[in-house]
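For reference, the structure discussed in these notes is given below.
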Amino acid sequence: MAEAQELVAFCILSMVALPLGVGIGFIVRQGSASNAGMWIAMSCFGAVVALWLAIIVAMPTVFKKNGGENEFEALVIVGLSESAGRSGFFDGVLRVDRVNIWLVGMTSVLSLCAAWYSLFGEGQRVLDYYGWLLVLESGALATFLAESLLVFYVAFEFTLVPLLFIIGMWGGPQRRQAALKFMIYTLAGSLLSLIGIVAVAYGFSGVTGRALTFSISDLLNLSSRGTRLPLELQYWAFLALAVGFGIKVPVIPLHTWLPAAHVEAPTAGSVLLAGVMLKLGAFGLLRMAVPLLPDATRVVGMSVGAVMAAGGIVYGALCAGAQEDIKRLVAYSSISHMGLCVLGLVSGTTLGVTGGVMQMINHGLITGALFILVGCVYTRVHKRNMSELGGLAKVAPRWAGFFVFFCLAGLGLPGLNGFVSELLTIYGTLISARVQWGAFFGLAGIVLSAWYLLTMVMKVCYGETRLPTTASVSDLNKGEFCVLMLLASLCIAIGLFPGYLIQELMPQSRAIAALVSGSSP
Amino acid sequence: MTILVISALLFCTGIVGFCLRRNAVLMFIFSELMVLGAVVASVGYALLWAEEKGQILGLVLLTTAACEAAMALLIIGRIYRTKRTLDIKLLSSRGEQEE
Amino acid sequence: MSVAEFVALLPVLAGLGGMVWLSSPVYVAICFGGILLVIAGWLAINGAEFIGIGLVIIYAGAVVVTFLFLIMLANQTGQAEYERAPNRPVLAWAAGILLFLMMLFSTVWREGVPGLVNRSQMQAQTGIEKITSDRRHVDQQNRAPFSRTARLSVELFSRFFWLIQGSALLLTIVMMNCVVIARLQKDRRGDTNDYSSD
Amino acid sequence: MELAEVAVLGSVLALFLTSAVIAVFPRRWQRWSHIPCVLALFGSSIASLAAIWVGIEREMRIPWRWLDLPGPVTEVVLQFDGFTPWMLGIVNLIAMLVALYSMTYMAGDEGYRRYFSIFTLFVAMMSMLVLVGNLLLLYLFWEGVGLCSYLLIGHYRTQRASTAARKAFLVNRVADVALLIAIILLAWNWGTLNIRDLIEQVTVKREEASATLQIVAVLLVIGAMGKSAQLPFHIWLPDAMEGPTPVSALIHAATMVAAGVYLLIRMLPVLVVSPVALMLGSWVGTVTAVVAGLFAVAEWDLKRVLAYSTISQLGYMFAAVGIAISGESNFAGYVMIFHLITHALFKALLFLCSGNIMHATGGVIDMSRLGGLKNQLGVTHWLFVIGGLSLAGIIPFAGYWSKDEILIGLAKSGGNSGGWVIVMLLGVVGPLLTGLYIGRAYWLTFQGDGAEVPREKDNESLWEVVPPLVLATGAVLAGLVLGPGRVLAGGLGIGLPEEEGVSFVPAVALAFAALGIVSGMMMGRRARGGTPSGWHAWYGVRKAIENGFYFDYVLFHGLGHVLGAMGKAVKLIDEVVIDGGLSAIAAVSYRVGNFIRQIQIGEIGFYAVSIGLGILVIWATLLLTFGMQ
Amino acid sequence: MASQETMREFALESGTLILPEVAVFVSGIVSYLLSAFGWKTRWLIGLGVLYLALGCTLNIWLLVEEVSSTSFFFFNRVIGSMAAAVYVACIGYLCMGWRNVPADVLGEFAGSMAVFAGGCALAMKANDLIGLFVSLELVSMSVYFMLYIVRPSRRGQEAVLKYFLLSVFAGAFLAMGLAQHYGLSGATSYEMVGKVVQSVGPGARAIGLVAILFVVAGLAYRMAAVPMHFYAPDVYQGSATPSVAILAWAGKVVAYVVLARCVTEWWCSGGTRGDPLAESVTLVLWLLGMSSILVGSLAGLVQSELRRLLAYSGIMNSGFILIPIAAMCDASSQVEALKSLVLFIVSYGLLIVGLFATLTHIEGRGDTIDFVEELAGLAERHRGLALMILVFLLGLLGVPPTLGFWAKLNVFLVAWGTHRPIVQALGIGLLVGSVISAWYYLRIINVMYFRAAIKPRVVDARWSASLGVAIVCCAAVVGLFFGINGVAYVLERVVE
C-alpha cells in the first residue's frame, strides 16, 4: 500500500518534471536536428505514457474500490518544503485521483501521437519544436494533476507560452496574428479565472474562519460537508470562473480565438490545442466552478451556462457546416462537441457529469486524430479547401478509411467512443431537474454533426480528384498509419468497453451531482 | 496668513510662468519661483508655529535651489552651444512621431 | 491683513506681473531679484532674520547672477518670437489660477491652518499633549532661551547634524559634476550622428 | 446451451471475424474475397435453419456491461424466441444468395475486397440486431446496420453515390434520434432496457400506462419509420439505388429496411398500450403503401420503381400494426413477419433480375430506353414474371398469402377502430397500384421491340441465374407452404385465433391486382408509343407524382438549404459580430492609445500644464467624493 | 557645552544607521577625486563595484544585527533590504556603463553612482521631512549627471533638459507639500507628522489633502505615474540604455519606498475603514494607479520604438506598485501589502534591469536599438539573448515560470484580501492592464522569434559585464519562481 503510494507519487512527479526538464533543455540548447535528440524527445514522450500506465496499474492498490465515504479521495503530494510562505500557498502540489488520471492518460497519449506524427513532418528547428511540445505536455499534465488552486493556475497559464511558440514559429501564413490573438484572449480568460479562484479561496477562508487555503482537496471536502459561500459571492465567483474557463473551452460567444489558432497552428499544435488545451478549461469547471460553487452552478450554471453550452452545440455545428476549410470545420466541430461537454458538467446529474468527463477524453482522441489527418493532407498537397480536395478515397484509401472512421466516431456512432459520452451526457441532461431542454440541443447536435461531418467526407473523399497534386498524392506512411491506428484502437476500445472507465469516473460524478442538486439555495 | 497667501501666489505664478514661457532659462526661473514659494511657506509656517525647523527646511530648499541653478546653467548652456536656441518647442523633437 | 503687509505685497505683485509679461529674459531675471529682495526684507522684519539674509545671499547673490550670466551668454535680447509669444495662455492661466484657488481655499477654509489658532487650541483640537516633536528639544528650549537665530543654529548642529553633512555633500557633488560637464568634449560619439536625425 | 444456439452464435461471431479477415486480405488475394464471405454465410444459414428446425426459445444473459448506466439497462442479453430464427434464417439465406450473385456481378471491381468485407459485416450487424434483447445494444447494431448501408451505397465513390449514402445516413439519423430518446426515456422510467423485462413491466402495469409510455411508443414507431423508409423518411431509399444492385437487393430484402419492421414486431407488446402509436404506424403505413405505389407508377428508372415498391410493401407491414389495436399483438407480429419474409424473397428476386438487366445492357436501367429483353434474357424474363406476380399478390404466389393475412387481420380489427378506410386503401387502391407499376415495368422492360437497347452480352451466366432461381422457388412456394395452414405461426410459436370463415377482402384485392397488372401493361405499351396523351390534362398531377410529391425537395434539399443558409448566417455572425466585436474592442483600445499618444507632444510646457490640471482633477475628485469637510 | 554633547549624541545614534551610506559617499568622492587627478581607467568601475558591494554588505550586516532605531534616520529590515537591493542594482548599472560611459568620466560615473545609491538609501532611511528632501535632491543631482554623461549627444541633451526641468517643477511640488506637512504639524519627524496629520480635525483636512496631493505628485514624478508620467517616454527614448535602466528601477524604487513610508507613517499608520483620511489617500492612490495602468497599457499599444514602449510599460508597472501601497492605507493589511510590495519591487527590478542589461549587451559599442523591429530575427542568430529577453518579457507579462508571476499574483491577492471594493477594483485593473499590455510585450516576442530580420544586427559575441548582469537576473527570475518557498520565507522574515 505505502509502496504503491510512493511509486505513484514518484511517477506523478516525474511525469511533470521529466518533460519539463528535457523540453527546457532542448529550448535552451543550440542544437541542430540530430537523431539522438529526436530519440531523446520521443523516448521522453514514451516514458510519460509508460509512467501513466504504471500509475494505472498501481491505482487499484492505492484506492480502494468504491472509495469509501470520500468520493474526492486522492493521493496528494505535499509541497516541497513545509509551507513557508503565505499560509496555504503550498498545501499540496500535485494530486492524483480517479478522474484526472484518465485525462492525464489522454494527454500523454495524444502528446506521444502528436510528436510521433511530427517525426515525419517538421523539418527545421525540429528539436526546438519538440522542446516546446514537451514543455506543453508538462504544463498540461501539471494542470490536470494540480492539488493547489494556485498550482493549477500556474500550470494553466504556463501552457500558453509553449503554444504561443508552437503556433507562432511553426504555424501557417497568418501565424503571428493568430498566435497573438490566441495568447491575449486566453490570457484574459485565465486572469478572469484567477479572480474567481482568489475569490473562492478567500471566500472559504472567510466562511470557515480558518487560514487561507488553496488546497483543492480541502476545499472539496469542505464543500462536500456542506460549507457554502454566501450566495452573492458564489454568483460572482462562478461567473468569473465560468467565463474564464469558458474562454478556454470555448463556449460561445467566447470562442473566436479558436478557429484562427487552429487553422494557423501546425498539426501537432492543433492536436494538443484541441485535444488537451480545451480540456483544461472544462477541467477547471469540473474541479472548481461546479463542486465548489454548487448553488451558483444551480442558478447561474444551469441557466446562463447551459444556454451558452447548448447554444454552442448548435452554433458550432452550423458554423462548421458553413466552412470550406476542413481544418476550420474541425475546429468549429470542437466548439460544438465541447458545448455538449459543458452541458453535461453543469447538468447536475451523475450521468451528465460522467458524460462530460468522457466527452473530454473522447473529443481529445477524435479531434486529435482528425487534425492529424487534415495535417497529412495539408503537408502533401498544401490545400485544405473542400472545393479543391476530393476523390481522396481513390488515391489514398488508407487515409480515407481513417478519415471516415474518425468522422463516424465524431458523429457518435455507437460502438465508437463518441457515442458513449454523447449518450451519457444527453441522458444525464434529459433526466436533470433544470436543463432538460438542453438535451434537445444535444440531440440536434447529433444530427447536425452527422450532417457536416458526412458532407465533409463526401466532398473530400468521394467523387473525382480536382487537382493534379491531389491525383498523385501518396497514401499514409508507416508512421502516420501507426499513430492513427493507435488512436483508432483507443476509440474502439472506449467505444466497446467503456464500462471500466465509467465506473472509475462515476463516484466523483455522483458526489458532484449530489452537491449541485442536494443543497438548497 | 498673508504670508501663506503670498507663498501660494508665488508658487502658482511659477506654475503659470513655467507653462507660459517657451524659453528654457525662463522656465527654469519660474520653477525657482515655485521653490521660492515653498521656502516662503515653510518659513511662514515656522513663524506661525514660532519655532525653527521650518526655517531649516527653507534653508535646505534654498541650498538645493542653488545647486539646481548651477546644473541648469551647465545643461542649458551646453544645449545652447549645440542647438543655438532655447525655444522649448524646437527642443521637443522627442514627442510621439506619427507612424 | 495689516496695511504694512499690503504695502509689502504690492511690489511682489508688480514683480510677478513683470515676470510673467515682460518678454526680455533680463528684465524677468531682474524682476525675480526684486521679488526676492522684497520677500527677504519682509521675512526679516517678521522675525526670520537668518533666512531673510540667506535668501538675499544665496538667491539674489548666486542664483540671479547665474541667470544673468546664462542669459548674457545665450545672447538673449527678448526680440525672438518665441520669447514674446505666450505658450498655451488659456490652459496655463487656467491651471495656475485654479491651483491658486485650490491652495487658497484649503488655506483659509473654516479654521484654516492650525497654526493660525493658538497652540492650546490646537492641542485641544488634536488631543496631543506635546505638540513639539522632540522631548530633548523642548528641554533645551526651556533650558536655554536663546534668540531665534541661535536656536536655529542649535537645531542645525544637534538634531540636524546629518542634514548639514548631506547639504554639504550635495554642494560638493554638484560642484564636481558641473566641472565635469563643463569640461566634456564636444565631439563625442553620437554627436555627429544626431544632426542628421534631428 | 443447445447445439443450435452455439451454432447460431458461433456463426454470427464467425461473420464478424470473416469481415475482419476479408478486410485485411492481401491485395493479391483480392479476387478471392468472396470465398470466406460465402462460406460464412452458408454456415450461418445452415445454423439458422437448424435453429428454426429445433425451435429454440430462451434468453441468454451475458454478465458483461457495455455502457454502465444505472440499473440493469446495459446487460447484454441475447434473446432467442420464435421470431429470431426465422428472421435470422431469411437474412442469412438471402445474404448468401446475394453474395453468390455478387461474385459475378462485382467481378473486377476495384473495391471487391472492401465490398465483401462490409457485406459480411452488414449481415453480421443485422444478425446481432435480431439476436439482442436489449434496446441499447439493439441501437448499437441498428446504427451499425446504417453504417454498413452507408458504406455500401457509397461503394462506387462517385459524387452521386456519396450523396445518396450521406442522405441515407442523415435521414436515418433523424429517426434514430427519436429511437434514442425513446431508449433514454425507457431506461429512466422503467430502469431497464431489456425487452423482456420491459414487456413484463408494461403488461403488468397496463392500466397505469403513463403519458411517458405513450410518448415512448410514438417515438419507437418514428424510429422504425426511419429505418423502414416510411413517409416522410422514405426519401433516402430510391436514392440508395446508387449502390451496387446486389446491395439494393440486400438492403431491400433482408437487412436494412427489415430492421424497422423487426423493431416494431419486437416491441409490439409495448406498443399495444398506446393506440395512438399503433394508429400512427398503421396510417403512416397505409398512406406510404398507396403514395409510394403512385410514385412507382410514374417512375422511369426500373430500380427506383422497385425501390418505391419496397416502400409500398413496407407500408403494408407497417399498416399491419393496426391489427394490434384490438389487442391481437401476436397476430400482428405474425402477419408482419410473414410479409417480411415473402417480400424479402420476391424483392430480392426482382432486384437480382434488374441486376441481370443492367449487366446485359451495360448499366442502362432507364425503362424508356429498355424493351424487348424477353428474348435476350429468357430466364430473367420468367424470373421477373414470378417476382412481379408475387409482388402484385396474385394467387398462389407468396405475396398473395402474406398480404391476404394482413388484410384479413386489418379487416377484423378495423371493425373496432374504424379503420375501414385503411382496409379499403390497402385492399383496393394498393393492389391496383402495385399491379399498375409492376405491369408497366414488365412491359416496358421485356416487351416491345427493343431495337435501341444497348447490348453488352446475351445470356446470363450460371451464377447470375442460380441465386434468383432459388429465390423464385421461394417466391412461389413460401406462401403455399407457410400460409394456408399457418405453418409459420406454428413455427413462431404463436397461438392464433381461429379463422372465422372466408373474408371477401383478399378476393377483392386479388381482383384489383389483376386489373392493375393488365392496365399497367397497357399503360406500358402506350407509353412506348410516345407521350401518353391522356396525361396532358393531368400535367400538374403527373409532375407532382414524378417528383415524389416534392418530399425530397422540401424535406431534404429544402432542409439542407435552410441548414446551409443558417450555417452561412451563423458564420457571418461569427465573423462580423463576435469576432468583429472583439476586433472592435481591440480597435477602441488602439484608438485610445493613439489619443494618449497625441497628448505626448514632447513639449515641456504642455506637460507642465497637464500635470497641473491632473492634480486639480484628483483634488476635485476628492472634493466631490468626500464633500467639503 | 550642552549643544556639542547633543550633537555627538545625535551624530552617533543616527550615524550607525547610515554607516553604509557614509562609507559609500566617501568612496564616491574619492573616486571623483581620483578621476579628477587624472587616474582614468576602467578599474574605477571595479572600485565602484567594490564600494557599492561594501555598502550592500554593511546594510545586510545592519539588517542581520537587527539594528532598528528611530531618530533622524530610521532603519528596519525592510528598509535595509531595499537599500541593499538598490546597491546591488547599482552594481549592475555600473557593469552596464562599462562600455557606454566615456573613459574620461568613468570615475565620475562611478562616484555619482555611489552618490545616487547612497542618496536612495538615505531617502528610504530618512525619518525627517528635511532629511528626506535633501536625500532626494542628492538622487536627482546624480541622475541629471549620469543621464548627461552616459549619452552626451544632442538627443540625450534634450532628454536631460526635459528630465531636468520637469524634475525641478515636480521637486517644487514636493517642496511645497513637505512645507505644508510641516505647517500642519509643526514638526518634521515622521512620527509627529503622522500623529498630527492623522488627528487633525475636519478644519485642517483641506490643507492636509493638498499637502498629501503635492507630496504624492512630487513622488509620482520619480515613479513616472500619471499625471507626472509625461517625461518618461521622451526621456527613455532619448537616453542611453544604461541610464534608462537607472531611471526605470532604482530611481523609482526610492519613490515607491518613500511613498509607502509616507502612507504607513504619515497618513495611515492607524488607518481603518471609513477613516476619512485613509479613504482619501486610498482614493488618490487609486486614481493615480488606475490611470497609470490604463495610460501605460493603452498608450504602449501604439508604440514602435523600443524604449518608449518600455517607458509605457514602466508607467503601467508603477500603477501596479501603487496597488499594495493603496492597500497599506488599511492598517490591517499593511504587513501583507508590504510583503507583496517588496516582492514586486524585487521582481520588477530583476526583470527590468535584466532586460536593459541584455539590450545594452546587444547594442555593444554600436548604435542604440531604437525600434522594436530592429530585434527581428534575433532568435535565429542569438538564441540565448533572445531567450533571455523572452524570459524578461514573460516576467513583465506575469506569466509563469518567472518571478513576475508570483509578484503580480501576490499583489492581486493582497488587493483582494483587503475586502475593500476600491482596492479590489485596482486588483482587477492589474489584470486588465496585464491583458492589454500583453499585446505589446508579445509584439516584441513576435518580432524576435517569428519574423526574419531584414538587416540583422551583428552582436558583439564577446562576453560583457552587462551580459553577466543579464544572466544573473535571468537565472534569478526563473530560479526564484521555483524557489518561491524560499522567497516567501525570506519575505516573512524581512517583514516581521
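Letters A, B, ... go to the chains of the C-alpha cells in the order shown; residues in each chain start at 1; ligands are counted from 1 in the same order.
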- request: Please report, as a ChimeraX atom specification, each residue of chain B to which DSSP assigns helix (DSSP H, G or I) when run on this structure's backbone.
  value: /B:2-20,24-49,53-83
Contacts of chain B with chain E up to 6 Å, shortest pair per row, only C-alpha atoms, as JSON lines:
```
{"residue": "B:Ser31", "atom": "CA", "partner": "E:Phe169", "partner_atom": "CA", "distance": 5.5}
{"residue": "B:Met34", "atom": "CA", "partner": "E:Ala172", "partner_atom": "CA", "distance": 5.8}
{"residue": "B:Val35", "atom": "CA", "partner": "E:Ala172", "partner_atom": "CA", "distance": 5.0}
{"residue": "B:Ala38", "atom": "CA", "partner": "E:Met176", "partner_atom": "CA", "distance": 4.6}
{"residue": "B:Ser42", "atom": "CA", "partner": "E:Ala179", "partner_atom": "CA", "distance": 4.8}
{"residue": "B:Tyr45", "atom": "CA", "partner": "E:Gly183", "partner_atom": "CA", "distance": 4.9}
{"residue": "B:Leu57", "atom": "CA", "partner": "E:Ile130", "partner_atom": "CA", "distance": 5.6}
{"residue": "B:Arg94", "atom": "CA", "partner": "E:Asp234", "partner_atom": "CA", "distance": 5.3}
```
Just to be explicit: take each residue in the selection above, keep C-alpha atoms, and write the result as an mmCIF file, in the first residue's frame.
```cif
data_model
loop_
_atom_site.group_PDB
_atom_site.id
_atom_site.type_symbol
_atom_site.label_atom_id
_atom_site.label_comp_id
_atom_site.auth_asym_id
_atom_site.auth_seq_id
_atom_site.Cartn_x
_atom_site.Cartn_y
_atom_site.Cartn_z
ATOM 1 C CA SER B 31 10.449 76.846 -11.340
ATOM 2 C CA MET B 34 7.879 77.907 -7.252
ATOM 3 C CA VAL B 35 10.635 76.744 -4.946
ATOM 4 C CA ALA B 38 7.798 76.678 -0.901
ATOM 5 C CA SER B 42 7.942 76.853 5.225
ATOM 6 C CA TYR B 45 4.708 78.185 8.954
ATOM 7 C CA LEU B 57 13.591 73.471 5.695
ATOM 8 C CA ARG B 94 11.118 63.575 -28.809
#
```
Considering only C-alpha atoms, give me a table of residues in chain B that are at most 6 Å from chain C, with the closest atom pair and distance in Å for each, as a tab-separated table.
```
residue	atom	partner	partner_atom	distance
B:Cys12	CA	C:Gly96	CA	5.2
B:Ile15	CA	C:Gly96	CA	5.8
B:Val16	CA	C:Gly96	CA	5.0
B:Gly17	CA	C:Val20	CA	5.8
B:Cys19	CA	C:Ala92	CA	5.4
B:Leu20	CA	C:Asn87	CA	4.7
B:Arg21	CA	C:Pro86	CA	5.9
B:Leu48	CA	C:Gly115	CA	5.4
B:Trp49	CA	C:Gly115	CA	5.8
B:Glu52	CA	C:Leu152	CA	5.5
```
Quick one: write out the picked residues with all heavy atoms as a PDB file, in the first residue's frame?
```pdb
ATOM      1  N   CYS B  12       2.013  79.624  -7.549  1.00  0.00           N
ATOM      2  CA  CYS B  12       1.145  79.460  -8.716  1.00  0.00           C
ATOM      3  C   CYS B  12       1.609  80.331  -9.868  1.00  0.00           C
ATOM      4  O   CYS B  12       1.467  79.949 -11.027  1.00  0.00           O
ATOM      5  CB  CYS B  12      -0.296  79.783  -8.342  1.00  0.00           C
ATOM      6  SG  CYS B  12      -0.908  78.560  -7.203  1.00  0.00           S
ATOM      7  N   ILE B  15       4.003  78.340 -11.578  1.00  0.00           N
ATOM      8  CA  ILE B  15       3.386  77.355 -12.480  1.00  0.00           C
ATOM      9  C   ILE B  15       2.964  78.011 -13.784  1.00  0.00           C
ATOM     10  O   ILE B  15       3.263  77.527 -14.879  1.00  0.00           O
ATOM     11  CB  ILE B  15       2.180  76.687 -11.792  1.00  0.00           C
ATOM     12  CG1 ILE B  15       2.658  75.850 -10.611  1.00  0.00           C
ATOM     13  CG2 ILE B  15       1.415  75.816 -12.767  1.00  0.00           C
ATOM     14  CD1 ILE B  15       1.540  75.284  -9.791  1.00  0.00           C
ATOM     15  N   VAL B  16       2.273  79.150 -13.622  1.00  0.00           N
ATOM     16  CA  VAL B  16       1.786  79.832 -14.822  1.00  0.00           C
ATOM     17  C   VAL B  16       2.955  80.165 -15.735  1.00  0.00           C
ATOM     18  O   VAL B  16       2.933  79.893 -16.942  1.00  0.00           O
ATOM     19  CB  VAL B  16       1.011  81.106 -14.430  1.00  0.00           C
ATOM     20  CG1 VAL B  16       0.691  81.923 -15.668  1.00  0.00           C
ATOM     21  CG2 VAL B  16      -0.238  80.752 -13.692  1.00  0.00           C
ATOM     22  N   GLY B  17       3.971  80.752 -15.151  1.00  0.00           N
ATOM     23  CA  GLY B  17       5.104  81.134 -15.964  1.00  0.00           C
ATOM     24  C   GLY B  17       5.787  79.943 -16.605  1.00  0.00           C
ATOM     25  O   GLY B  17       6.167  79.969 -17.779  1.00  0.00           O
ATOM     26  N   CYS B  19       4.504  77.252 -17.483  1.00  0.00           N
ATOM     27  CA  CYS B  19       3.711  76.747 -18.609  1.00  0.00           C
ATOM     28  C   CYS B  19       3.712  77.744 -19.760  1.00  0.00           C
ATOM     29  O   CYS B  19       3.626  77.361 -20.924  1.00  0.00           O
ATOM     30  CB  CYS B  19       2.272  76.486 -18.170  1.00  0.00           C
ATOM     31  SG  CYS B  19       2.148  75.335 -16.817  1.00  0.00           S
ATOM     32  N   LEU B  20       3.771  79.005 -19.415  1.00  0.00           N
ATOM     33  CA  LEU B  20       3.539  80.055 -20.400  1.00  0.00           C
ATOM     34  C   LEU B  20       4.768  80.312 -21.265  1.00  0.00           C
ATOM     35  O   LEU B  20       4.652  80.606 -22.447  1.00  0.00           O
ATOM     36  CB  LEU B  20       3.148  81.329 -19.641  1.00  0.00           C
ATOM     37  CG  LEU B  20       2.262  82.335 -20.339  1.00  0.00           C
ATOM     38  CD1 LEU B  20       0.970  81.693 -20.745  1.00  0.00           C
ATOM     39  CD2 LEU B  20       1.998  83.481 -19.386  1.00  0.00           C
ATOM     40  N   ARG B  21       5.918  80.217 -20.653  1.00  0.00           N
ATOM     41  CA  ARG B  21       7.131  80.637 -21.347  1.00  0.00           C
ATOM     42  C   ARG B  21       7.677  79.527 -22.225  1.00  0.00           C
ATOM     43  O   ARG B  21       7.503  78.346 -21.919  1.00  0.00           O
ATOM     44  CB  ARG B  21       8.181  81.022 -20.295  1.00  0.00           C
ATOM     45  CG  ARG B  21       7.837  82.294 -19.577  1.00  0.00           C
ATOM     46  CD  ARG B  21       7.881  83.441 -20.551  1.00  0.00           C
ATOM     47  NE  ARG B  21       7.622  84.696 -19.847  1.00  0.00           N
ATOM     48  CZ  ARG B  21       8.029  85.868 -20.310  1.00  0.00           C
ATOM     49  NH1 ARG B  21       8.689  85.943 -21.448  1.00  0.00           N
ATOM     50  NH2 ARG B  21       7.759  86.967 -19.643  1.00  0.00           N
ATOM     51  N   LEU B  48       4.615  80.945  12.209  1.00  0.00           N
ATOM     52  CA  LEU B  48       3.328  80.712  12.853  1.00  0.00           C
ATOM     53  C   LEU B  48       3.492  79.771  14.045  1.00  0.00           C
ATOM     54  O   LEU B  48       2.864  79.948  15.081  1.00  0.00           O
ATOM     55  CB  LEU B  48       2.348  80.102  11.853  1.00  0.00           C
ATOM     56  CG  LEU B  48       1.808  81.069  10.814  1.00  0.00           C
ATOM     57  CD1 LEU B  48       1.037  80.315   9.764  1.00  0.00           C
ATOM     58  CD2 LEU B  48       0.941  82.112  11.478  1.00  0.00           C
ATOM     59  N   TRP B  49       4.286  78.744  13.866  1.00  0.00           N
ATOM     60  CA  TRP B  49       4.494  77.804  14.957  1.00  0.00           C
ATOM     61  C   TRP B  49       5.498  78.331  15.981  1.00  0.00           C
ATOM     62  O   TRP B  49       5.753  77.680  16.992  1.00  0.00           O
ATOM     63  CB  TRP B  49       5.038  76.478  14.428  1.00  0.00           C
ATOM     64  CG  TRP B  49       4.007  75.584  13.805  1.00  0.00           C
ATOM     65  CD1 TRP B  49       3.898  75.304  12.494  1.00  0.00           C
ATOM     66  CD2 TRP B  49       2.982  74.849  14.469  1.00  0.00           C
ATOM     67  NE1 TRP B  49       2.867  74.455  12.266  1.00  0.00           N
ATOM     68  CE2 TRP B  49       2.264  74.155  13.482  1.00  0.00           C
ATOM     69  CE3 TRP B  49       2.570  74.743  15.813  1.00  0.00           C
ATOM     70  CZ2 TRP B  49       1.185  73.351  13.771  1.00  0.00           C
ATOM     71  CZ3 TRP B  49       1.502  73.929  16.090  1.00  0.00           C
ATOM     72  CH2 TRP B  49       0.816  73.251  15.087  1.00  0.00           C
ATOM     73  N   GLU B  52      11.797  76.666  14.746  1.00  0.00           N
ATOM     74  CA  GLU B  52      12.869  76.881  13.783  1.00  0.00           C
ATOM     75  C   GLU B  52      12.967  75.857  12.675  1.00  0.00           C
ATOM     76  O   GLU B  52      13.638  76.092  11.674  1.00  0.00           O
ATOM     77  CB  GLU B  52      14.223  76.928  14.512  1.00  0.00           C
ATOM     78  CG  GLU B  52      14.404  78.088  15.420  1.00  0.00           C
ATOM     79  CD  GLU B  52      13.545  77.975  16.661  1.00  0.00           C
ATOM     80  OE1 GLU B  52      13.369  76.845  17.160  1.00  0.00           O
ATOM     81  OE2 GLU B  52      13.021  78.997  17.107  1.00  0.00           O
TER      82      GLU B  52
END
```
Which chain D residues have any atom within 12 Å of an atom of chain B, and for each, what is the nearest pair of atoms with distance in Å to one decimal, counting only C-alpha atoms, rows sorted by chain and number, as a Markdown table?
```
| residue | atom | partner | partner_atom | distance |
| --- | --- | --- | --- | --- |
| D:Gly593 | CA | B:Glu96 | CA | 11.6 |
| D:Asn594 | CA | B:Glu96 | CA | 9.7 |
| D:Phe595 | CA | B:Glu96 | CA | 10.9 |
| D:Ile596 | CA | B:Glu96 | CA | 9.9 |
| D:Arg597 | CA | B:Glu96 | CA | 6.3 |
| D:Gln598 | CA | B:Glu96 | CA | 6.9 |
| D:Ile599 | CA | B:Glu96 | CA | 8.4 |
| D:Gln600 | CA | B:Gly95 | CA | 5.7 |
| D:Ile601 | CA | B:Gly95 | CA | 4.4 |
| D:Gly602 | CA | B:Gly95 | CA | 3.6 |
| D:Glu603 | CA | B:Ser92 | CA | 5.2 |
| D:Ile604 | CA | B:Ile88 | CA | 7.1 |
| D:Gly605 | CA | B:Cys19 | CA | 4.5 |
| D:Phe606 | CA | B:Cys19 | CA | 6.6 |
| D:Tyr607 | CA | B:Cys19 | CA | 8.2 |
| D:Ala608 | CA | B:Cys19 | CA | 5.9 |
| D:Val609 | CA | B:Cys19 | CA | 5.8 |
| D:Ser610 | CA | B:Cys19 | CA | 9.4 |
| D:Ile611 | CA | B:Ile15 | CA | 10.1 |
| D:Gly612 | CA | B:Ile15 | CA | 7.9 |
| D:Leu613 | CA | B:Ile15 | CA | 11.0 |
```
- request: Quote the spacing between CA of Val372 (chain E) and CA of Leu309 (chain E) in Å to one decimal place.
  value: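 If I compute the distance from CA of Val372 (chain E) to CA of Leu309 (chain E), I get 8.7 Å.
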Selected residue, from B:Ala41, B:Leu59, B:Val25, B:Leu33, that lies nearest to Ala72 (chain B) when counting only C-alpha atoms: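 Of the candidates, the smallest distance to Ala72 (chain B) is held by B:Val25.
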What's around Glu405 (chain D) at 9 Å? Count only C-alpha atoms, leave out sequence neighbours fewer than 5 positions away in its own chain, and write the answer as a PDB file with N, CA and C atoms, in the first residue's frame.
```pdb
ATOM      1  N   TYR D 334     -47.244 -11.798 -36.316  1.00  0.00           N
ATOM      2  CA  TYR D 334     -47.212 -12.903 -37.279  1.00  0.00           C
ATOM      3  C   TYR D 334     -47.347 -12.404 -38.704  1.00  0.00           C
ATOM      4  N   VAL D 335     -48.337 -11.546 -38.936  1.00  0.00           N
ATOM      5  CA  VAL D 335     -48.525 -11.132 -40.330  1.00  0.00           C
ATOM      6  C   VAL D 335     -47.369 -10.261 -40.803  1.00  0.00           C
ATOM      7  N   PHE D 338     -44.505 -12.486 -41.602  1.00  0.00           N
ATOM      8  CA  PHE D 338     -44.851 -13.276 -42.786  1.00  0.00           C
ATOM      9  C   PHE D 338     -44.600 -12.453 -44.047  1.00  0.00           C
ATOM     10  N   HIS D 339     -45.164 -11.260 -44.031  1.00  0.00           N
ATOM     11  CA  HIS D 339     -44.987 -10.441 -45.216  1.00  0.00           C
ATOM     12  C   HIS D 339     -43.526 -10.065 -45.397  1.00  0.00           C
ATOM     13  N   TYR D 400     -49.303 -13.145 -52.262  1.00  0.00           N
ATOM     14  CA  TYR D 400     -50.743 -13.215 -52.023  1.00  0.00           C
ATOM     15  C   TYR D 400     -51.041 -13.615 -50.598  1.00  0.00           C
ATOM     16  N   LEU D 410     -56.512  -6.800 -40.612  1.00  0.00           N
ATOM     17  CA  LEU D 410     -56.962  -5.415 -40.510  1.00  0.00           C
ATOM     18  C   LEU D 410     -58.476  -5.326 -40.587  1.00  0.00           C
ATOM     19  N   GLY D 483     -48.329 -20.332 -45.573  1.00  0.00           N
ATOM     20  CA  GLY D 483     -49.553 -19.571 -45.399  1.00  0.00           C
ATOM     21  C   GLY D 483     -50.777 -20.368 -45.002  1.00  0.00           C
ATOM     22  N   PRO D 506     -59.506 -10.442 -49.365  1.00  0.00           N
ATOM     23  CA  PRO D 506     -58.425 -10.919 -50.237  1.00  0.00           C
ATOM     24  C   PRO D 506     -58.886 -11.094 -51.670  1.00  0.00           C
TER      25      PRO D 506
END
```
- request: Just give me the gap between CA of Leu424 (chain A) and CA of Gly344 (chain A) in Å, one decimal is fine.
  value: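 It comes out at 8.3 Å.
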- request: Could the residues of chain D within 7 Å of chain A, counting only C-alpha atoms, be given as an MDAnalysis selection string, please?
  value: chainID D and resid 65:68 140 143 157:159 162:163 166 170 173:174 177 184 564 566:568 570:571 578:579
- request: Give the answer as one residue: which of C:Ile53, C:Leu169, C:Val7, C:Gly61 has the shortest atom-to-atom distance to chain E, using only C-alpha atoms?
  value: C:Leu169
